[in-house]
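Note sheet for the following structure.
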Amino acid sequence: SAPSHPSQKSQFVRFAEVCPLKEFGFAPEPGQYLEAVGWVEAVAGLLLAFGPQLLQEISNFVLSVIMIGAIYTLLVLRETLAMCAPATLCLGLLLLLNIRGHAAPTK
């Protein structure tokens with residue numbers, strides 16, 4: 001499917017060039033990279049919102065890894081801090097949700 005925003009594809013060309021998985025010999029094609037990240041985020045987000053506890057925890061971990069990868073990518077590309085803010089905020093909320101989910105039960 002076509003990207004919903006015209007600059008999305010050109011951004012993912014840049015993102016694919018500095019993909020953290022390149023360190024392991026995997027160089028994704030930008031269109032497939034865009035689609036794979038989108039599907040993983042959508043499925044993990046749905047499982048985080050509506051899934052059972054175990055799948056919520058797994059989804060939280062997967063989304064946290066994606067956000068760390070997004071922050072890494074933006075920093076390597078020397079983007080402004082304002083560009084890093086959404087991924088950083090999402091990561092913070094995911095970590096807060098993870099910590100809050102493991103709180104001791106109240107009496």
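Every chain in the structure tokens takes a letter, A first, then B, and so on in the order presented; its residues are numbered from 1, and the ligands are numbered from 1 following the presented order.
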What are the closest atom pairs, with distances in Å to one decimal, for each residue of segment 38-60 of chain A lying within 12 Å of segment 91-95 of chain A, using only C-alpha atoms, rows by chain and rising residue number, as JSON lines?
{"residue": "A:Ala44", "atom": "CA", "partner": "A:Leu94", "partner_atom": "CA", "distance": 11.9}
{"residue": "A:Gly45", "atom": "CA", "partner": "A:Leu94", "partner_atom": "CA", "distance": 10.8}
{"residue": "A:Leu48", "atom": "CA", "partner": "A:Leu94", "partner_atom": "CA", "distance": 9.9}
{"residue": "A:Ala49", "atom": "CA", "partner": "A:Leu94", "partner_atom": "CA", "distance": 11.8}
{"residue": "A:Gln56", "atom": "CA", "partner": "A:Leu94", "partner_atom": "CA", "distance": 10.8}
{"residue": "A:Glu57", "atom": "CA", "partner": "A:Leu94", "partner_atom": "CA", "distance": 10.0}
{"residue": "A:Ile58", "atom": "CA", "partner": "A:Leu94", "partner_atom": "CA", "distance": 11.5}
{"residue": "A:Ser59", "atom": "CA", "partner": "A:Leu94", "partner_atom": "CA", "distance": 9.7}
{"residue": "A:Asn60", "atom": "CA", "partner": "A:Leu94", "partner_atom": "CA", "distance": 6.2}
Note to self: Among chain A, which residues does DSSP mark as alpha helix (DSSP H) when it is run on the backbone? Keep the chain and numbering as in the structure and answer as an MDAnalysis selection string.
What the structure shows: chainID A and resid 6:17 30:50 53:76 81:101
Spatial neighbours of Ala36 of chain A, 12 Å, only C-alpha atoms, chain gap at least 5 places, as a PyMOL selection string:
chain A and resi 1+12+16+28-31+41-44+66
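Here the question is which of A:Gly51, A:Glu79, A:Arg100, A:Pro86 gets nearest to Gln11 of chain A using only C-alpha atoms, and that residue is A:Glu79.
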Go through A:Phe61, A:Leu96, A:Ala82, A:Tyr33 one by one, measure the shortest atom-to-atom distance of each to Glu17 of chain A using only C-alpha atoms, and give the residue with the smallest value.
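Between A:Phe61, A:Leu96, A:Ala82, A:Tyr33, the residue approaching Glu17 of chain A most closely is A:Tyr33.
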